[in-house]
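model.pdb (PDB, C-alpha atoms) appears below.
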ATOM      1  CA  MET A   1     -16.041 -10.866  31.913
ATOM      2  CA  PRO A   2     -13.737 -11.238  28.884
ATOM      3  CA  ILE A   3     -14.159  -9.062  25.817
ATOM      4  CA  THR A   4     -14.370 -10.780  22.438
ATOM      5  CA  ALA A   5     -12.773  -8.903  19.575
ATOM      6  CA  THR A   6     -14.475  -8.831  16.167
ATOM      7  CA  PRO A   7     -13.105  -7.655  12.776
ATOM      8  CA  THR A   8     -15.452  -4.659  12.571
ATOM      9  CA  PRO A   9     -14.669  -0.926  12.395
ATOM     10  CA  GLY A  10     -15.323   1.371  15.328
ATOM     11  CA  LYS A  11     -18.367   3.626  15.187
ATOM     12  CA  LEU A  12     -16.220   6.759  15.516
ATOM     13  CA  LEU A  13     -14.502   6.111  12.188
ATOM     14  CA  LEU A  14     -15.829   8.102   9.232
ATOM     15  CA  THR A  15     -17.421   6.462   6.210
ATOM     16  CA  PRO A  16     -18.314   8.135   2.903
ATOM     17  CA  LYS A  17     -22.036   7.955   3.629
ATOM     18  CA  ASP A  18     -22.229   8.962   7.291
ATOM     19  CA  HIS A  19     -21.223  12.633   7.160
ATOM     20  CA  ALA A  20     -21.196  15.891   5.251
ATOM     21  CA  LEU A  21     -18.174  18.112   4.644
ATOM     22  CA  ILE A  22     -18.233  21.898   5.014
ATOM     23  CA  MET A  23     -15.281  23.808   3.531
ATOM     24  CA  ILE A  24     -15.226  27.379   4.784
ATOM     25  CA  ASP A  25     -13.562  30.561   3.477
ATOM     26  CA  PHE A  26     -10.604  29.166   1.541
ATOM     27  CA  GLN A  27     -10.105  32.613   0.020
ATOM     28  CA  SER A  28      -7.085  34.715  -0.869
ATOM     29  CA  GLN A  29      -7.735  37.571   1.555
ATOM     30  CA  MET A  30      -8.027  35.134   4.438
ATOM     31  CA  ALA A  31      -4.872  33.348   3.329
ATOM     32  CA  PHE A  32      -2.719  36.511   3.230
ATOM     33  CA  ALA A  33      -2.731  36.794   7.033
ATOM     34  CA  THR A  34      -2.531  33.044   7.723
ATOM     35  CA  HIS A  35       0.806  32.226   9.368
ATOM     36  CA  SER A  36       0.229  28.992  11.295
ATOM     37  CA  ILE A  37       0.738  26.998   8.064
ATOM     38  CA  ASP A  38       2.448  27.956   4.810
ATOM     39  CA  ALA A  39       0.210  28.739   1.857
ATOM     40  CA  ILE A  40       1.468  25.901  -0.337
ATOM     41  CA  THR A  41       0.813  23.263   2.315
ATOM     42  CA  LEU A  42      -2.562  24.800   3.138
ATOM     43  CA  ARG A  43      -3.710  24.787  -0.483
ATOM     44  CA  ASN A  44      -2.405  21.252  -0.969
ATOM     45  CA  ASN A  45      -4.204  19.915   2.111
ATOM     46  CA  ALA A  46      -7.418  21.721   1.210
ATOM     47  CA  GLY A  47      -7.212  20.232  -2.271
ATOM     48  CA  LEU A  48      -6.650  16.768  -0.813
ATOM     49  CA  VAL A  49      -9.767  17.063   1.342
ATOM     50  CA  ALA A  50     -11.935  18.402  -1.486
ATOM     51  CA  HIS A  51     -10.809  15.783  -3.995
ATOM     52  CA  ALA A  52     -11.210  13.010  -1.409
ATOM     53  CA  ALA A  53     -14.770  14.075  -0.666
ATOM     54  CA  ALA A  54     -15.652  14.378  -4.340
ATOM     55  CA  SER A  55     -14.164  10.978  -5.191
ATOM     56  CA  PHE A  56     -16.239   9.308  -2.461
ATOM     57  CA  LYS A  57     -19.335  11.406  -3.268
ATOM     58  CA  VAL A  58     -19.482  12.930   0.214
ATOM     59  CA  PRO A  59     -22.112  15.710   0.282
ATOM     60  CA  THR A  60     -20.099  18.924   0.476
ATOM     61  CA  ILE A  61     -20.953  22.543   1.219
ATOM     62  CA  LEU A  62     -18.606  25.251  -0.073
ATOM     63  CA  THR A  63     -19.073  28.606   1.614
ATOM     64  CA  THR A  64     -17.337  31.961   1.343
ATOM     65  CA  VAL A  65     -17.539  35.299   3.123
ATOM     66  CA  ALA A  66     -17.791  38.575   1.185
ATOM     67  CA  GLU A  67     -16.434  36.894  -1.937
ATOM     68  CA  LYS A  68     -17.066  39.755  -4.376
ATOM     69  CA  SER A  69     -16.526  42.731  -2.093
ATOM     70  CA  PHE A  70     -13.533  41.786   0.062
ATOM     71  CA  SER A  71     -12.248  38.243   0.504
ATOM     72  CA  GLY A  72     -11.853  37.084  -3.091
ATOM     73  CA  PRO A  73     -12.486  33.765  -4.846
ATOM     74  CA  MET A  74     -12.222  30.350  -3.254
ATOM     75  CA  PHE A  75      -9.101  28.299  -3.958
ATOM     76  CA  THR A  76      -9.456  26.416  -7.233
ATOM     77  CA  GLU A  77      -8.013  23.346  -5.480
ATOM     78  CA  VAL A  78     -11.258  23.308  -3.485
ATOM     79  CA  THR A  79     -13.746  24.254  -6.209
ATOM     80  CA  ASP A  80     -12.371  22.189  -9.126
ATOM     81  CA  PRO A  81     -13.634  18.817  -7.792
ATOM     82  CA  PHE A  82     -17.183  20.271  -7.652
ATOM     83  CA  PRO A  83     -17.761  21.787 -11.108
ATOM     84  CA  GLY A  84     -20.854  23.924 -11.308
ATOM     85  CA  GLN A  85     -21.548  23.821  -7.571
ATOM     86  CA  ALA A  86     -22.735  27.145  -6.187
ATOM     87  CA  LEU A  87     -20.740  28.746  -3.398
ATOM     88  CA  LEU A  88     -22.817  29.936  -0.466
ATOM     89  CA  ASP A  89     -21.590  33.472   0.219
ATOM     90  CA  ARG A  90     -22.174  34.952   3.662
ATOM     91  CA  THR A  91     -21.861  38.142   5.668
ATOM     92  CA  SER A  92     -21.589  36.327   9.013
ATOM     93  CA  MET A  93     -18.200  35.253  10.344
ATOM     94  CA  ASN A  94     -19.914  32.279  11.963
ATOM     95  CA  THR A  95     -21.091  30.012   9.144
ATOM     96  CA  TRP A  96     -23.692  28.472  11.451
ATOM     97  CA  GLU A  97     -25.523  31.811  11.647
ATOM     98  CA  ASP A  98     -26.156  31.875   7.895
ATOM     99  CA  ALA A  99     -29.654  30.716   6.949
ATOM    100  CA  ALA A 100     -28.668  29.445   3.484
ATOM    101  CA  VAL A 101     -25.919  27.256   4.908
ATOM    102  CA  ILE A 102     -28.201  25.850   7.600
ATOM    103  CA  LYS A 103     -30.874  25.154   4.994
ATOM    104  CA  LYS A 104     -28.319  23.108   3.056
ATOM    105  CA  VAL A 105     -27.183  21.274   6.190
ATOM    106  CA  ASN A 106     -30.783  20.310   6.898
ATOM    107  CA  GLU A 107     -31.366  19.230   3.286
ATOM    108  CA  ILE A 108     -28.341  16.932   3.427
ATOM    109  CA  GLY A 109     -29.572  15.540   6.726
ATOM    110  CA  LYS A 110     -26.296  14.317   8.249
ATOM    111  CA  THR A 111     -25.722  14.732  11.978
ATOM    112  CA  ARG A 112     -21.972  14.080  11.602
ATOM    113  CA  LEU A 113     -20.106  17.020  10.031
ATOM    114  CA  VAL A 114     -16.483  17.498   8.997
ATOM    115  CA  LEU A 115     -15.121  21.063   8.911
ATOM    116  CA  ALA A 116     -12.083  22.711   7.344
ATOM    117  CA  GLY A 117     -11.254  26.327   6.501
ATOM    118  CA  LEU A 118      -9.792  29.713   7.433
ATOM    119  CA  TRP A 119      -9.392  30.991  10.099
ATOM    120  CA  THR A 120      -9.460  28.252  12.730
ATOM    121  CA  SER A 121     -10.251  30.538  15.661
ATOM    122  CA  VAL A 122     -13.144  32.307  13.945
ATOM    123  CA  CYS A 123     -14.483  30.571  10.844
ATOM    124  CA  ILE A 124     -14.143  27.055  12.270
ATOM    125  CA  VAL A 125     -14.609  27.544  16.022
ATOM    126  CA  GLY A 126     -17.900  29.380  15.415
ATOM    127  CA  PRO A 127     -19.738  26.653  13.488
ATOM    128  CA  ALA A 128     -18.077  23.845  15.437
ATOM    129  CA  LEU A 129     -19.250  25.095  18.833
ATOM    130  CA  SER A 130     -22.657  26.082  17.453
ATOM    131  CA  ALA A 131     -23.231  22.704  15.819
ATOM    132  CA  ILE A 132     -22.075  20.789  18.887
ATOM    133  CA  ASP A 133     -24.476  22.863  20.980
ATOM    134  CA  GLN A 134     -27.303  21.672  18.717
ATOM    135  CA  GLY A 135     -26.344  18.008  19.004
ATOM    136  CA  PHE A 136     -24.178  17.515  15.895
ATOM    137  CA  GLU A 137     -21.031  15.408  15.918
ATOM    138  CA  ILE A 138     -18.064  17.435  14.664
ATOM    139  CA  TYR A 139     -14.715  16.486  13.143
ATOM    140  CA  VAL A 140     -12.134  19.149  12.226
ATOM    141  CA  ILE A 141      -9.359  18.618   9.676
ATOM    142  CA  THR A 142      -6.756  20.645  11.510
ATOM    143  CA  ASP A 143      -4.019  20.691   8.859
ATOM    144  CA  ALA A 144      -6.529  22.016   6.334
ATOM    145  CA  CYS A 145      -7.191  24.967   8.638
ATOM    146  CA  GLY A 146      -4.982  27.945   9.416
ATOM    147  CA  ASP A 147      -4.872  31.114  11.461
ATOM    148  CA  VAL A 148      -3.034  34.390  11.983
ATOM    149  CA  SER A 149      -0.546  32.668  14.314
ATOM    150  CA  ALA A 150       0.346  29.205  15.541
ATOM    151  CA  GLU A 151      -1.079  30.092  18.938
ATOM    152  CA  ALA A 152      -4.386  31.266  17.475
ATOM    153  CA  HIS A 153      -4.706  27.988  15.568
ATOM    154  CA  GLN A 154      -3.742  25.865  18.573
ATOM    155  CA  ARG A 155      -6.097  27.652  20.951
ATOM    156  CA  GLY A 156      -8.919  27.315  18.445
ATOM    157  CA  VAL A 157      -8.326  23.571  18.106
ATOM    158  CA  GLU A 158      -8.064  23.162  21.879
ATOM    159  CA  ARG A 159     -11.319  25.003  22.412
ATOM    160  CA  MET A 160     -13.147  22.788  19.925
ATOM    161  CA  VAL A 161     -11.657  19.590  21.350
ATOM    162  CA  GLN A 162     -12.701  20.655  24.849
ATOM    163  CA  ALA A 163     -16.253  20.994  23.525
ATOM    164  CA  GLY A 164     -16.162  17.516  21.990
ATOM    165  CA  ALA A 165     -14.876  18.008  18.426
ATOM    166  CA  ARG A 166     -12.556  15.343  17.009
ATOM    167  CA  PRO A 167      -9.388  16.531  15.228
ATOM    168  CA  MET A 168      -7.895  14.728  12.234
ATOM    169  CA  THR A 169      -5.626  15.424   9.248
ATOM    170  CA  ALA A 170      -6.235  15.682   5.517
ATOM    171  CA  LEU A 171      -4.430  12.475   4.552
ATOM    172  CA  GLN A 172      -6.088  10.675   7.442
ATOM    173  CA  TYR A 173      -9.458  11.776   6.057
ATOM    174  CA  LEU A 174      -8.728  10.299   2.624
ATOM    175  CA  LEU A 175      -7.407   6.992   3.954
ATOM    176  CA  GLU A 176     -10.185   6.655   6.520
ATOM    177  CA  LEU A 177     -12.752   6.870   3.737
ATOM    178  CA  GLN A 178     -10.935   4.132   1.804
ATOM    179  CA  ARG A 179      -9.907   2.076   4.865
ATOM    180  CA  ASP A 180      -9.524  -1.201   2.964
ATOM    181  CA  TRP A 181      -7.425  -1.655  -0.181
ATOM    182  CA  ALA A 182      -9.732  -4.522  -1.164
ATOM    183  CA  ARG A 183     -12.347  -1.886  -2.007
ATOM    184  CA  THR A 184     -11.330  -1.912  -5.633
ATOM    185  CA  GLU A 185     -14.083   0.451  -6.812
ATOM    186  CA  SER A 186     -12.388   3.390  -5.078
ATOM    187  CA  TYR A 187      -8.776   2.185  -5.206
ATOM    188  CA  ASP A 188      -7.702   4.120  -8.294
ATOM    189  CA  SER A 189      -9.367   7.365  -7.216
ATOM    190  CA  THR A 190      -7.890   7.152  -3.703
ATOM    191  CA  THR A 191      -4.355   6.484  -4.897
ATOM    192  CA  GLY A 192      -4.834   9.134  -7.571
ATOM    193  CA  VAL A 193      -5.707  11.774  -4.971
ATOM    194  CA  ALA A 194      -2.804  10.609  -2.797
ATOM    195  CA  ARG A 195      -0.381  10.815  -5.722
ATOM    196  CA  GLN A 196      -1.463  14.371  -6.508
ATOM    197  CA  PHE A 197      -1.832  15.798  -3.013
ATOM    198  CA  GLY A 198      -0.297  13.260  -0.613
ATOM    199  CA  GLY A 199       3.225  14.678  -0.455
ATOM    200  CA  SER A 200       5.972  12.120   0.104
ATOM    201  CA  TYR A 201       3.381   9.367   0.516
ATOM    202  CA  GLY A 202       2.107  10.188  -2.959
ATOM    203  CA  LEU A 203       5.666  10.138  -4.317
ATOM    204  CA  GLY A 204       6.091   6.689  -2.786
ATOM    205  CA  ILE A 205       2.958   5.438  -4.542
ATOM    206  CA  THR A 206       4.179   6.845  -7.860
ATOM    207  CA  TYR A 207       7.586   5.209  -7.406
ATOM    208  CA  ALA A 208       6.212   1.812  -6.407
ATOM    209  CA  LYS A 209       3.726   1.715  -9.265
ATOM    210  CA  SER A 210       6.241   2.928 -11.860
ATOM    211  CA  MET A 211       9.173   0.749 -10.817
ATOM    212  CA  PHE A 212       7.491  -2.431  -9.645
ATOM    213  CA  GLY A 213       3.845  -2.239 -10.690
ATOM    214  CA  ALA A 214       3.075  -2.449  -6.985
ATOM    215  CA  HIS A 215      -0.499  -2.498  -5.713
ATOM    216  CA  GLU A 216      -1.678  -2.081  -2.126
ATOM    217  CA  GLY A 217      -3.566  -5.093  -0.890
TER     218      GLY A 217
END
Translate the structure described by the file into structure tokens.
Amino acid sequence: MPITATPTPGKLLLTPKDHALIMIDFQSQMAFATHSIDAITLRNNAGLVAHAAASFKVPTILTTVAEKSFSGPMFTEVTDPFPGQALLDRTSMNTWEDAAVIKKVNEIGKTRLVLAGLWTSVCIVGPALSAIDQGFEIYVITDACGDVSAEAHQRGVERMVQAGARPMTALQYLLELQRDWARTESYDSTTGVARQFGGSYGLGITYAKSMFGAHEG
């Protein structure tokens, strides 16, 4: 029987209203030992994700571990888009074992969660596997995560994918939320985030707009 194509998005694509974002342990102490990605790229990608979520009003949880006693403050690239939002500080390495975080997850009420943070093999694998075990659908922004080595990061990602998590990248996250340049209400904020955090793609947007007044769509 033939299949009839329709101009509709697939159900596995993210939308601004169908998920919550959890950003975990983007802190200086965790970053010192992170070697699978350089610190500049890590901070840039984390900032891209945070600003994308804020611009699309995605419900976002920011959580730290031992912020005052050991791990230090969260990256300002992550906290700046959420002024005044409280950080949920934990003692548990596995975010999913923290009652305050789980209370917030339940208050938000989304069964699709997007995760990013440090370190991949501990701070992200723990909640990803725990949430999947409880029936949640998990996406992981792998280039906004890092670990003590490339192998540690890769094995962590592999383990989550084997359990059913879906990997994606920071820029992919931003553009998937926009997904159509005809959505003019979010056009300026999306291109603004891309220009600030989107690397060479952002430079291309700046050039096209400055030289030709170009406009996607």
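Close contacts of region 118-135 of chain A, defined as residues with an atom at most 7 Å away when counting all atoms listed in the file, with chain neighbours fewer than 3 positions off set aside, comprise Ile24, Asp25, Phe26, Met30, Met93, Asn94, Thr95, Trp96, Leu115, Ile138, Cys145, Gly146, Asp147, Ala152, His153, Gly156, Met160 and Ala163 of chain A.
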List as JSON, numbers by chain: which residues have an atom within 12 Å of (-23.0, 42.1, 6.7), counting all atoms listed in the file? {"A": [65, 66, 69, 70, 89, 90, 91, 92, 93, 94, 97, 98]}
Where does the PyMOL selection byres ((chain A and resi 179) around 12) land in this file, that is, which residues does it pick, as a PyMOL selection string? chain A and resi 8-10+13-16+171-178+180-184+186-187+190+216-217
Report as a PyMOL selection string all protein, DNA and RNA residues lying within 7 Å of Met168 (chain A), evaluated on all atoms listed in the file, omitting residues in the same chain fewer than 5 positions from it. chain A and resi 140-142
Filtering to C-alpha atoms, could you give me those residues as a compact mmCIF listing (two decimals), in the coordinates of the input?
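Generated output (again01.txt):
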# COMPACT_ATOMS: atom_id res chain seq x y z
CA VAL A 140 -12.13 19.15 12.23
CA ILE A 141 -9.36 18.62 9.68
CA THR A 142 -6.76 20.64 11.51
Which residues are close to Asp38 (chain A), i.e. within 12 Å by all atoms listed in the file, leaving aside same-chain residues fewer than 2 positions away? Reply as a PyMOL selection string. chain A and resi 31-36+40-45+143-150
Taking (-18.5, 13.8, -2.8) in the coordinates of the supplied file, I want to know which residues reach to within 10 Å of it, counting all atoms listed in the file; could you give the answer as a ChimeraX atom specification? /A:16-17,20-21,50-61,81-82
Would you output that residue set with C-alpha atoms, as a PDB file, in the frame of the given file?
ATOM      1  CA  PRO A  16     -18.314   8.135   2.903  1.00  0.00           C
ATOM      2  CA  LYS A  17     -22.036   7.955   3.629  1.00  0.00           C
ATOM      3  CA  ALA A  20     -21.196  15.891   5.251  1.00  0.00           C
ATOM      4  CA  LEU A  21     -18.174  18.112   4.644  1.00  0.00           C
ATOM      5  CA  ALA A  50     -11.935  18.402  -1.486  1.00  0.00           C
ATOM      6  CA  HIS A  51     -10.809  15.783  -3.995  1.00  0.00           C
ATOM      7  CA  ALA A  52     -11.210  13.010  -1.409  1.00  0.00           C
ATOM      8  CA  ALA A  53     -14.770  14.075  -0.666  1.00  0.00           C
ATOM      9  CA  ALA A  54     -15.652  14.378  -4.340  1.00  0.00           C
ATOM     10  CA  SER A  55     -14.164  10.978  -5.191  1.00  0.00           C
ATOM     11  CA  PHE A  56     -16.239   9.308  -2.461  1.00  0.00           C
ATOM     12  CA  LYS A  57     -19.335  11.406  -3.268  1.00  0.00           C
ATOM     13  CA  VAL A  58     -19.482  12.930   0.214  1.00  0.00           C
ATOM     14  CA  PRO A  59     -22.112  15.710   0.282  1.00  0.00           C
ATOM     15  CA  THR A  60     -20.099  18.924   0.476  1.00  0.00           C
ATOM     16  CA  ILE A  61     -20.953  22.543   1.219  1.00  0.00           C
ATOM     17  CA  PRO A  81     -13.634  18.817  -7.792  1.00  0.00           C
ATOM     18  CA  PHE A  82     -17.183  20.271  -7.652  1.00  0.00           C
TER      19      PHE A  82
END
Got a sec to resolve the PyMOL selection byres ((chain A and resi 198-205) around 9) on this structure and send the residues as a short mmCIF file (atom, residue, chain, number, x, y, z; two decimals) with C-alpha atoms, in the frame of the given file?
data_model
loop_
_atom_site.label_atom_id
_atom_site.label_comp_id
_atom_site.auth_asym_id
_atom_site.auth_seq_id
_atom_site.Cartn_x
_atom_site.Cartn_y
_atom_site.Cartn_z
CA ASN A 44 -2.40 21.25 -0.97
CA ASN A 45 -4.20 19.92 2.11
CA LEU A 48 -6.65 16.77 -0.81
CA ALA A 170 -6.24 15.68 5.52
CA LEU A 171 -4.43 12.48 4.55
CA THR A 191 -4.36 6.48 -4.90
CA GLY A 192 -4.83 9.13 -7.57
CA VAL A 193 -5.71 11.77 -4.97
CA ALA A 194 -2.80 10.61 -2.80
CA ARG A 195 -0.38 10.82 -5.72
CA GLN A 196 -1.46 14.37 -6.51
CA PHE A 197 -1.83 15.80 -3.01
CA THR A 206 4.18 6.84 -7.86
CA TYR A 207 7.59 5.21 -7.41
CA ALA A 208 6.21 1.81 -6.41
CA LYS A 209 3.73 1.72 -9.26
CA SER A 210 6.24 2.93 -11.86
CA ALA A 214 3.08 -2.45 -6.98
CA HIS A 215 -0.50 -2.50 -5.71
#
Residues matched by the PyMOL selection byres ((chain A and resi 105) around 10) as number ranges by chain: A: 20-22, 59-61, 96, 99-104, 106-111, 113
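Between CA of Thr76 (chain A) and CA of Ala46 (chain A) the interatomic distance comes to 9.9 Å.
Interatomic distance, CA of Leu62 (chain A) to CA of Ala165 (chain A): 20.2 Å.
CA of Arg159 (chain A) is positioned 26.2 Å from CA of Met74 (chain A).
All residues of protein, DNA or RNA that reach within 9 Å of Gln29 (chain A), judged by all atoms listed in the file and not counting those fewer than 6 positions away in the chain, are Phe70, Ser71, Gly72 and Pro73 of chain A.
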